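> First, the structure itself, so that you have it in front of you.
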Amino acid sequence: MRLLCATLVLTGCVDHMVGPARTQDDFDRKARTTASAARSTVETVRLVAETASDGNAFGPYSGVSVSEQEDTLTEIQGDFNSIQPPNGTSDDMRAELNEILTASLHHVAAVRIAIRRGELRAAADVAQPLAADSDALTAFLDEHA
Amino acid sequence: MKRVLGVALGVLTAIGGFVDMGDLVANAETGARFDMNLAWVVVVGGIGIVLYAEMSGRVAALCGRPVFDLVRERLGPRFGLANLIASFFINFLTLTAEIAGVALALSLVSSVNYLLLIPIVAFLVWLVCWRMPFQMMERVFGLLGLCLLVFAVTLWKIGPDWNQLLSEASHPHVPGSESVFTYAYYGIALFGAAMTPYEVFFFSSGAVEDGWTKKDLGENRANVLIGFPLGVVLSLAIMASAHLVLAPRHISVEQLSQVALPVASAVGRVGLAVVIIGIFAATFGAALETALSAGYVAAQYFGWPWGKRRSPRNSARFHIVVVLTLLGAALFGITGVDPVKVTEYSIVLSAAALPLTYFPILVIANDPNYMGPDHTNGRVVNALATVYLVILLLVAVATIPLIIITKGGS
C-alpha cells in the first residue's frame with residue numbers, strides 16, 4: 001500500500017507538495033510551468049464563456065467546466081506559493097506572477113458566478129478582463145523565456 | 001440479407017466501440033499540445049490492433065476458446081500468471097478511468113460532483129453486466145458511441161485547410177517547446193491507448209460469448225478491417241479538433257470537459273449534447289468491457305466456468321471477480337485521484353505490458369494444432385506481426401524510464 005501511495009505521489013497522480021527550488025534557474029523553470037498552466041485555464045474559461053454567450057453551450061456544462069478551471073487555478077497558485085524562492089530576484093518574480101494569478105482567479109470566479117446565475121449571454125462580457133490576464137501571462141512567459 | 005445487416009451492425013459497433021476514455025484523453029491532449037505531430041502513432045497503433053485483434057478473433061472462432069484460455073495451456077502457468085497479474089492491474093486502472101469518465105460525463109449535464117456519481121455508475125455497470133444480454137450490451141453502447149462522429153462534423157464545420165492538416169500529419173517533428181522525451185512519452189500514451197490489452201481479451205472472449213465458429217471468420221475480418229480503421233479516423237478527428245481549436249489558445253487538456261469544448265464551439269448546443277452522449281456511451285461501454293475482462297482473464301487462467309451466456313449460479317466465481325473489481329475501482333475512484341492522470345497512466349503502463357498480451361496471440365495463431373493447417377498466419381501477416389512485436393518490446397523497455405524522466409509527461 002505504501003509503495004502504491006509513493007508511486008502515485010511520485011508520478012503526479014495525486015496532489016502533493018511541490019519541492020523547493022534550489023537555484024534561480026530551477027525557480028524560473030517552475031514559474032514558467034506555472035504561468036503556462038495558468039494561461040491554459042484562463043484561455044479555457046474565455047473559450048467556455050464565449051461559447052456560452054454565443055448560445056453554443058448549456059448551463060450545467062459551462063458551470064462545471066469553469067468550476068473545474070477555477071479549482072485547477074487555485075491548485076496551481078497554491079503549488080506555486082509553496083515553492084521556496086531561493087533569493088531576492090525570485091521574490092520579485094514570485095510577487096509578479098502571484099499578482100497575475102490572483103487577478104485571474106478573481107476574474108474566473110466572476111465568470112463562474114455569472115454562469116451559475118444563468119447569465120450565459122453575459123458570460124463573454126464578464127470574461128473580458130481574462131484577455132488582459134492571458135496577455136500578462138504571455139508577457140511573463142516571454143520575459144522569462 | 002440478414003447476415004449482411006448483422007455484419008454491418010457489427011462494423012458500426014466496432015467503430016463506436018473503438019474509442020474509450022484513454023483515446024479521448026490521449027488524442028485531445030496530444031492534439032492540443034503537439035498539433036498533428038503524433039498523428040502517425042495513431043495510425044501505427046491502429047494497424048497494430050487490427051493485426052492482433054483479427055488474429056485473436058480467428059483464434060477464438062476456430063478453437064471456440066478465447067486467447068487468455070490458451071495462453072496458460074500453450075505457454076505454461078508461470079508465463080500465464082505474469083500475464084494475468086500485469087493485465088489485471090492495468091485493466092483495473094482502465095476500469096477506474098472509465099467509471100470516472102462516465103461520472104464526469106454525467107456531471108457535465110447534471111452539475112453534480114462526479115465523485116458522488118461514481119458509486120451510482122459502478123452500480124449501473126454491474127447491473128448491465130448482470131442483466132443485459134451480451135450482444136445487446138455490445139450493440140447498444142457501440143452504436144451510441146457513434147455519436148462521437150460529431151468530432152468529424154466539428155472538423156468539417158471548422159473547415160480547415162485539409163492539405164495543410166495532412167501535410168502537418170505526414171511531416172512530423174518534435175515541436176520547439178517540447179523535449180524529445182515528452183514527445184516519446186505521449187507517443188507511447190497514444191500507442192497504448194490504441195492497443196489497450198483489454199480490447200483483445202474482450203474481443204476474443206466476446207467472440208466465444210457470441211458463439212463464433214469458422215463461418216464467422218468473415219464477420220471477424222469485416223469488424224477489424226473496416227470498423228477499426230474507421231475508429232482510427234475518429235481518433236484522428238478528435239486530435240485534429242483539439243489541434244485546431246485548443247492549441248492556438250495554448251489550452252492543454254487536463255479535464256474531460258475540455259475534450260468536448262471544440263465541438264461546442266464549432267457545432268453548438270446540439271453538437272455538445274451529442275458529444276456528451278458519445279462520451280457517456282464510449283466510457284460506459286469500455287467500463288463494461290473492462291469489468292467483464294477482469295472476470296474473463298481470472299476465470300480463464302484458473303479454469304473456472306465463465307461468461308454471460310452461463311447463468312450466474314453456474315459461473316459464480318467469474319461474477320464475484322467482476323463485482324469485486326468494480327467495487328475496488330469505484331473505491332479507488334472516489335479517493336479523489338485525478339481521473340485524467342489515471343487514464344494517462346493506464347494507457348502508458350498498458351504499453352509496458354503489451355508484449356505479454358500480444359506475443360502469445362502470435363504464437364497460438366501460428367500453431368496448426370489449434371488453428372488447423374489452413375488458418376495459421378500467412379507470411380505477410382507474420383512479417384508485420386513480428387515487426388510489431390519488436391516495436392512492442394522497444395516501447396515496453398522505454399516506458400518506465402520515460403515516466404521518470406518526464407515526470408509523467410509534465
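Starting from 1 in every chain, residues are counted up; chains themselves are A, B, ... following the order of the C-alpha cells, and ligands are numbered from 1 as listed.
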Residues near range 240-248 of chain B, anyone? I mean within 12 Å using only C-alpha atoms, not counting same-chain ones fewer than 6 positions away, as JSON, numbers by chain.
{"A": [39, 40, 41, 43, 44, 45, 46, 47, 48, 51], "B": [24, 25, 26, 27, 28, 29, 30, 31, 32, 33, 34, 35, 36, 37, 38, 39, 42, 149, 150, 151, 152, 153, 154, 155, 156, 157, 158, 159, 160, 161, 162, 164, 165, 166, 168, 169, 233, 234, 254, 258, 259, 260, 261, 262, 263, 264, 265, 266, 267]}
> Among the residues of range 110-263 of chain B, find those DSSP assigns to helix (DSSP H, G or I) from the backbone and print them as an MDAnalysis selection string.
chainID B and resid 110 114:131 134:158 162:170 180:194 197:209 214:245 247:249 256:263
> Of the candidates A:Gly63, A:Ala52, A:Thr34, A:Asp91, which shows the shortest atom-to-atom distance to Glu75 in chain A, using only C-alpha atoms?
A:Thr34
> Between B:Ala14, B:Leu272, B:Ile47, B:Leu356, which is the closest to chain A once you count only C-alpha atoms?
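Between B:Ala14, B:Leu272, B:Ile47, B:Leu356, the residue approaching chain A most closely is B:Leu272.
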> Could you tell me which residues of chain B sit within 7 Å of chain A when counting only C-alpha atoms, and give me the result as a list in words?
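Close to chain A, chain B has Leu108, Val109, Ser110, Ser111, Arg249, His250, Ile251, Ser252, Ser257, Ala264, Ser265, Gly268, Arg269, Leu272, Val337, Asp338, Lys341, Val342, Lys407 and Gly408 of chain B.
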> Just the residues within 8 Å of Leu97 in chain A, please, counting only C-alpha atoms, with nothing from its chain fewer than 4 positions along; format it as an mmCIF file with C-alpha atoms, in the first residue's frame.

data_model
loop_
_atom_site.group_PDB
_atom_site.id
_atom_site.type_symbol
_atom_site.label_atom_id
_atom_site.label_comp_id
_atom_site.auth_asym_id
_atom_site.auth_seq_id
_atom_site.Cartn_x
_atom_site.Cartn_y
_atom_site.Cartn_z
ATOM 1 C CA ALA A 31 7.447 29.783 -12.547
ATOM 2 C CA ALA A 35 2.369 30.616 -15.887
ATOM 3 C CA MET A 93 9.280 37.079 -9.757
ATOM 4 C CA LEU A 101 -2.678 34.648 -10.713
ATOM 5 C CA LEU A 137 0.815 35.604 -18.513
ATOM 6 C CA PHE A 140 5.572 36.912 -18.237
#
> Compile the contact shell of range 325-334 of chain B as a PDB file with N, CA and C atoms, in the first residue's frame: residues with an atom at most 10 Å away, counting only C-alpha atoms, same-chain residues fewer than 3 positions apart removed.

ATOM      1  N   PHE B  88      -4.324  -7.764 -15.223  1.00  0.00           N
ATOM      2  CA  PHE B  88      -5.369  -7.450 -14.250  1.00  0.00           C
ATOM      3  C   PHE B  88      -5.145  -6.061 -13.640  1.00  0.00           C
ATOM      4  N   ASN B  91      -5.870  -3.442 -16.299  1.00  0.00           N
ATOM      5  CA  ASN B  91      -7.319  -3.455 -16.529  1.00  0.00           C
ATOM      6  C   ASN B  91      -8.048  -2.733 -15.390  1.00  0.00           C
ATOM      7  N   PHE B  92      -7.550  -2.923 -14.173  1.00  0.00           N
ATOM      8  CA  PHE B  92      -8.149  -2.275 -13.005  1.00  0.00           C
ATOM      9  C   PHE B  92      -8.036  -0.745 -13.121  1.00  0.00           C
ATOM     10  N   LEU B  93      -6.834  -0.282 -13.506  1.00  0.00           N
ATOM     11  CA  LEU B  93      -6.639   1.175 -13.694  1.00  0.00           C
ATOM     12  C   LEU B  93      -7.564   1.688 -14.797  1.00  0.00           C
ATOM     13  N   THR B  94      -7.657   0.914 -15.885  1.00  0.00           N
ATOM     14  CA  THR B  94      -8.512   1.332 -17.005  1.00  0.00           C
ATOM     15  C   THR B  94      -9.966   1.401 -16.560  1.00  0.00           C
ATOM     16  N   LEU B  95     -10.398   0.410 -15.794  1.00  0.00           N
ATOM     17  CA  LEU B  95     -11.785   0.400 -15.307  1.00  0.00           C
ATOM     18  C   LEU B  95     -12.052   1.630 -14.429  1.00  0.00           C
ATOM     19  N   THR B  96     -11.094   1.955 -13.567  1.00  0.00           N
ATOM     20  CA  THR B  96     -11.241   3.148 -12.713  1.00  0.00           C
ATOM     21  C   THR B  96     -11.422   4.391 -13.587  1.00  0.00           C
ATOM     22  N   ALA B  97     -10.580   4.492 -14.611  1.00  0.00           N
ATOM     23  CA  ALA B  97     -10.645   5.657 -15.507  1.00  0.00           C
ATOM     24  C   ALA B  97     -11.976   5.713 -16.248  1.00  0.00           C
ATOM     25  N   GLU B  98     -12.455   4.559 -16.701  1.00  0.00           N
ATOM     26  CA  GLU B  98     -13.719   4.543 -17.465  1.00  0.00           C
ATOM     27  C   GLU B  98     -14.897   4.915 -16.568  1.00  0.00           C
ATOM     28  N   ILE B  99     -14.921   4.373 -15.351  1.00  0.00           N
ATOM     29  CA  ILE B  99     -16.021   4.697 -14.421  1.00  0.00           C
ATOM     30  C   ILE B  99     -16.003   6.196 -14.126  1.00  0.00           C
ATOM     31  N   ALA B 100     -14.804   6.723 -13.878  1.00  0.00           N
ATOM     32  CA  ALA B 100     -14.691   8.167 -13.620  1.00  0.00           C
ATOM     33  C   ALA B 100     -15.135   8.954 -14.854  1.00  0.00           C
ATOM     34  N   TYR B 114     -18.714  14.759  -9.674  1.00  0.00           N
ATOM     35  CA  TYR B 114     -18.538  13.420 -10.244  1.00  0.00           C
ATOM     36  C   TYR B 114     -18.204  12.372  -9.186  1.00  0.00           C
ATOM     37  N   LEU B 115     -17.598  12.801  -8.082  1.00  0.00           N
ATOM     38  CA  LEU B 115     -17.240  11.831  -7.037  1.00  0.00           C
ATOM     39  C   LEU B 115     -18.496  11.192  -6.442  1.00  0.00           C
ATOM     40  N   LEU B 116     -19.579  12.005  -6.363  1.00  0.00           N
ATOM     41  CA  LEU B 116     -20.840  11.467  -5.833  1.00  0.00           C
ATOM     42  C   LEU B 116     -21.495  10.500  -6.821  1.00  0.00           C
ATOM     43  N   LEU B 117     -21.152  10.671  -8.105  1.00  0.00           N
ATOM     44  CA  LEU B 117     -21.777   9.828  -9.143  1.00  0.00           C
ATOM     45  C   LEU B 117     -21.054   8.491  -9.340  1.00  0.00           C
ATOM     46  N   ILE B 118     -19.797   8.416  -8.888  1.00  0.00           N
ATOM     47  CA  ILE B 118     -19.013   7.190  -9.137  1.00  0.00           C
ATOM     48  C   ILE B 118     -19.687   5.923  -8.582  1.00  0.00           C
ATOM     49  N   PRO B 119     -20.174   5.933  -7.315  1.00  0.00           N
ATOM     50  CA  PRO B 119     -20.822   4.702  -6.824  1.00  0.00           C
ATOM     51  C   PRO B 119     -22.064   4.330  -7.643  1.00  0.00           C
ATOM     52  N   ILE B 120     -22.817   5.343  -8.082  1.00  0.00           N
ATOM     53  CA  ILE B 120     -24.023   5.060  -8.882  1.00  0.00           C
ATOM     54  C   ILE B 120     -23.619   4.435 -10.219  1.00  0.00           C
ATOM     55  N   VAL B 121     -22.575   5.020 -10.833  1.00  0.00           N
ATOM     56  CA  VAL B 121     -22.104   4.487 -12.124  1.00  0.00           C
ATOM     57  C   VAL B 121     -21.628   3.039 -11.961  1.00  0.00           C
ATOM     58  N   ALA B 122     -20.862   2.792 -10.885  1.00  0.00           N
ATOM     59  CA  ALA B 122     -20.355   1.422 -10.671  1.00  0.00           C
ATOM     60  C   ALA B 122     -21.525   0.454 -10.515  1.00  0.00           C
ATOM     61  N   PHE B 123     -22.572   0.882  -9.807  1.00  0.00           N
ATOM     62  CA  PHE B 123     -23.748   0.026  -9.641  1.00  0.00           C
ATOM     63  C   PHE B 123     -24.419  -0.241 -10.997  1.00  0.00           C
ATOM     64  N   VAL B 125     -23.055  -0.141 -13.958  1.00  0.00           N
ATOM     65  CA  VAL B 125     -22.201  -1.029 -14.768  1.00  0.00           C
ATOM     66  C   VAL B 125     -22.441  -2.483 -14.346  1.00  0.00           C
ATOM     67  N   TRP B 126     -22.459  -2.706 -13.019  1.00  0.00           N
ATOM     68  CA  TRP B 126     -22.698  -4.064 -12.527  1.00  0.00           C
ATOM     69  C   TRP B 126     -24.070  -4.572 -12.994  1.00  0.00           C
ATOM     70  N   ALA B 287     -16.270   0.624 -19.738  1.00  0.00           N
ATOM     71  CA  ALA B 287     -16.341   0.172 -18.339  1.00  0.00           C
ATOM     72  C   ALA B 287     -16.916  -1.248 -18.289  1.00  0.00           C
ATOM     73  N   LEU B 288     -17.926  -1.507 -19.113  1.00  0.00           N
ATOM     74  CA  LEU B 288     -18.499  -2.861 -19.176  1.00  0.00           C
ATOM     75  C   LEU B 288     -17.443  -3.853 -19.661  1.00  0.00           C
ATOM     76  N   THR B 290     -14.142  -3.609 -19.590  1.00  0.00           N
ATOM     77  CA  THR B 290     -13.031  -3.833 -18.654  1.00  0.00           C
ATOM     78  C   THR B 290     -13.498  -4.602 -17.426  1.00  0.00           C
ATOM     79  N   ALA B 291     -14.728  -4.328 -16.968  1.00  0.00           N
ATOM     80  CA  ALA B 291     -15.245  -5.072 -15.807  1.00  0.00           C
ATOM     81  C   ALA B 291     -15.358  -6.556 -16.161  1.00  0.00           C
ATOM     82  N   LEU B 292     -15.915  -6.832 -17.340  1.00  0.00           N
ATOM     83  CA  LEU B 292     -16.044  -8.233 -17.767  1.00  0.00           C
ATOM     84  C   LEU B 292     -14.668  -8.850 -18.038  1.00  0.00           C
ATOM     85  N   ALA B 294     -11.960  -8.312 -16.501  1.00  0.00           N
ATOM     86  CA  ALA B 294     -11.360  -8.720 -15.220  1.00  0.00           C
ATOM     87  C   ALA B 294     -11.822 -10.134 -14.890  1.00  0.00           C
ATOM     88  N   GLY B 295     -13.126 -10.380 -15.055  1.00  0.00           N
ATOM     89  CA  GLY B 295     -13.653 -11.725 -14.802  1.00  0.00           C
ATOM     90  C   GLY B 295     -13.133 -12.736 -15.816  1.00  0.00           C
ATOM     91  N   HIS B 319     -18.454 -14.034 -11.784  1.00  0.00           N
ATOM     92  CA  HIS B 319     -19.245 -12.860 -11.411  1.00  0.00           C
ATOM     93  C   HIS B 319     -18.712 -12.192 -10.136  1.00  0.00           C
ATOM     94  N   ILE B 320     -18.192 -13.005  -9.214  1.00  0.00           N
ATOM     95  CA  ILE B 320     -17.632 -12.416  -7.984  1.00  0.00           C
ATOM     96  C   ILE B 320     -16.415 -11.556  -8.325  1.00  0.00           C
ATOM     97  N   VAL B 321     -15.569 -12.045  -9.228  1.00  0.00           N
ATOM     98  CA  VAL B 321     -14.393 -11.245  -9.628  1.00  0.00           C
ATOM     99  C   VAL B 321     -14.857  -9.930 -10.267  1.00  0.00           C
ATOM    100  N   VAL B 322     -15.874  -9.999 -11.123  1.00  0.00           N
ATOM    101  CA  VAL B 322     -16.385  -8.773 -11.764  1.00  0.00           C
ATOM    102  C   VAL B 322     -16.879  -7.784 -10.710  1.00  0.00           C
ATOM    103  N   VAL B 337      -8.460  10.643  -6.678  1.00  0.00           N
ATOM    104  CA  VAL B 337      -7.345  10.519  -7.626  1.00  0.00           C
ATOM    105  C   VAL B 337      -7.787  11.141  -8.963  1.00  0.00           C
ATOM    106  N   ASP B 338      -6.865  11.865  -9.592  1.00  0.00           N
ATOM    107  CA  ASP B 338      -7.210  12.596 -10.818  1.00  0.00           C
ATOM    108  C   ASP B 338      -7.549  11.605 -11.952  1.00  0.00           C
ATOM    109  N   PRO B 339      -8.823  11.608 -12.440  1.00  0.00           N
ATOM    110  CA  PRO B 339      -9.217  10.623 -13.460  1.00  0.00           C
ATOM    111  C   PRO B 339      -8.399  10.713 -14.742  1.00  0.00           C
ATOM    112  N   VAL B 342      -5.084   9.104 -14.057  1.00  0.00           N
ATOM    113  CA  VAL B 342      -5.238   7.645 -14.008  1.00  0.00           C
ATOM    114  C   VAL B 342      -5.352   7.094 -15.427  1.00  0.00           C
TER     115      VAL B 342
END
> Give me the residues within 8 Å of Asn223 in chain B as a PyMOL selection string, counting only C-alpha atoms and dropping any in the same chain fewer than 5 places off.
chain B and resi 7+10-11+14+228
> One decimal, Å: what's the distance from CA of Phe134 in chain B over to CA of Pro360 in chain B, could you say?
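Rounded to one decimal, the two atoms are 26.0 Å apart.
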> Which residues are near Pro66 in chain B? Cut-off 6 Å, only C-alpha atoms, ignore same chain within fewer than 4 positions. Put them as number ranges by chain.
B: 60, 204-205
> Would you pick out the contacts of Ala298 in chain B at 10 Å or less, using only C-alpha atoms, so that residues sharing its chain but fewer than 2 positions from it are not included, and give the list as a PDB file with N, CA and C atoms, in the first residue's frame?

ATOM      1  N   PHE B  68      -6.892 -15.816 -23.684  1.00  0.00           N
ATOM      2  CA  PHE B  68      -6.267 -15.990 -22.364  1.00  0.00           C
ATOM      3  C   PHE B  68      -6.331 -17.445 -21.910  1.00  0.00           C
ATOM      4  N   ASP B  69      -7.385 -18.121 -22.334  1.00  0.00           N
ATOM      5  CA  ASP B  69      -7.575 -19.528 -22.012  1.00  0.00           C
ATOM      6  C   ASP B  69      -6.415 -20.351 -22.562  1.00  0.00           C
ATOM      7  N   LEU B  81       0.657 -16.607 -15.411  1.00  0.00           N
ATOM      8  CA  LEU B  81       0.439 -15.856 -14.163  1.00  0.00           C
ATOM      9  C   LEU B  81       0.997 -14.431 -14.278  1.00  0.00           C
ATOM     10  N   LEU B  84      -1.353 -12.593 -16.268  1.00  0.00           N
ATOM     11  CA  LEU B  84      -2.582 -12.320 -15.507  1.00  0.00           C
ATOM     12  C   LEU B  84      -2.386 -11.130 -14.565  1.00  0.00           C
ATOM     13  N   ILE B  85      -1.261 -11.119 -13.826  1.00  0.00           N
ATOM     14  CA  ILE B  85      -1.031 -10.056 -12.842  1.00  0.00           C
ATOM     15  C   ILE B  85      -0.931  -8.697 -13.548  1.00  0.00           C
ATOM     16  N   SER B  87      -1.921  -7.844 -16.617  1.00  0.00           N
ATOM     17  CA  SER B  87      -3.158  -7.476 -17.318  1.00  0.00           C
ATOM     18  C   SER B  87      -4.236  -7.033 -16.332  1.00  0.00           C
ATOM     19  N   PHE B  88      -4.324  -7.764 -15.223  1.00  0.00           N
ATOM     20  CA  PHE B  88      -5.369  -7.450 -14.250  1.00  0.00           C
ATOM     21  C   PHE B  88      -5.145  -6.061 -13.640  1.00  0.00           C
ATOM     22  N   SER B 293     -13.762  -8.036 -18.595  1.00  0.00           N
ATOM     23  CA  SER B 293     -12.418  -8.557 -18.890  1.00  0.00           C
ATOM     24  C   SER B 293     -11.714  -9.020 -17.614  1.00  0.00           C
ATOM     25  N   ALA B 294     -11.960  -8.312 -16.501  1.00  0.00           N
ATOM     26  CA  ALA B 294     -11.360  -8.720 -15.220  1.00  0.00           C
ATOM     27  C   ALA B 294     -11.822 -10.134 -14.890  1.00  0.00           C
ATOM     28  N   GLY B 295     -13.126 -10.380 -15.055  1.00  0.00           N
ATOM     29  CA  GLY B 295     -13.653 -11.725 -14.802  1.00  0.00           C
ATOM     30  C   GLY B 295     -13.133 -12.736 -15.816  1.00  0.00           C
ATOM     31  N   TYR B 296     -13.064 -12.311 -17.086  1.00  0.00           N
ATOM     32  CA  TYR B 296     -12.603 -13.220 -18.149  1.00  0.00           C
ATOM     33  C   TYR B 296     -11.177 -13.717 -17.858  1.00  0.00           C
ATOM     34  N   GLN B 300     -10.447 -17.479 -16.906  1.00  0.00           N
ATOM     35  CA  GLN B 300      -9.808 -18.273 -17.952  1.00  0.00           C
ATOM     36  C   GLN B 300      -8.459 -18.814 -17.480  1.00  0.00           C
ATOM     37  N   TYR B 301      -7.757 -18.042 -16.649  1.00  0.00           N
ATOM     38  CA  TYR B 301      -6.474 -18.534 -16.140  1.00  0.00           C
ATOM     39  C   TYR B 301      -6.689 -19.697 -15.165  1.00  0.00           C
ATOM     40  N   PHE B 302      -7.644 -19.529 -14.238  1.00  0.00           N
ATOM     41  CA  PHE B 302      -7.844 -20.553 -13.217  1.00  0.00           C
ATOM     42  C   PHE B 302      -8.739 -21.715 -13.680  1.00  0.00           C
ATOM     43  N   GLY B 303      -9.285 -21.579 -14.890  1.00  0.00           N
ATOM     44  CA  GLY B 303     -10.107 -22.663 -15.426  1.00  0.00           C
ATOM     45  C   GLY B 303     -11.516 -22.712 -14.840  1.00  0.00           C
ATOM     46  N   TRP B 304     -12.023 -21.568 -14.365  1.00  0.00           N
ATOM     47  CA  TRP B 304     -13.383 -21.533 -13.822  1.00  0.00           C
ATOM     48  C   TRP B 304     -14.395 -21.389 -14.970  1.00  0.00           C
ATOM     49  N   TRP B 306     -17.039 -19.489 -17.041  1.00  0.00           N
ATOM     50  CA  TRP B 306     -17.122 -18.042 -17.189  1.00  0.00           C
ATOM     51  C   TRP B 306     -18.112 -17.649 -18.264  1.00  0.00           C
ATOM     52  N   ARG B 317     -17.866 -17.686  -9.594  1.00  0.00           N
ATOM     53  CA  ARG B 317     -16.560 -17.067  -9.319  1.00  0.00           C
ATOM     54  C   ARG B 317     -16.227 -15.981 -10.339  1.00  0.00           C
ATOM     55  N   PHE B 318     -16.652 -16.203 -11.582  1.00  0.00           N
ATOM     56  CA  PHE B 318     -16.463 -15.179 -12.621  1.00  0.00           C
ATOM     57  C   PHE B 318     -17.202 -13.899 -12.200  1.00  0.00           C
ATOM     58  N   VAL B 321     -15.569 -12.045  -9.228  1.00  0.00           N
ATOM     59  CA  VAL B 321     -14.393 -11.245  -9.628  1.00  0.00           C
ATOM     60  C   VAL B 321     -14.857  -9.930 -10.267  1.00  0.00           C
ATOM     61  N   VAL B 322     -15.874  -9.999 -11.123  1.00  0.00           N
ATOM     62  CA  VAL B 322     -16.385  -8.773 -11.764  1.00  0.00           C
ATOM     63  C   VAL B 322     -16.879  -7.784 -10.710  1.00  0.00           C
TER      64      VAL B 322
END
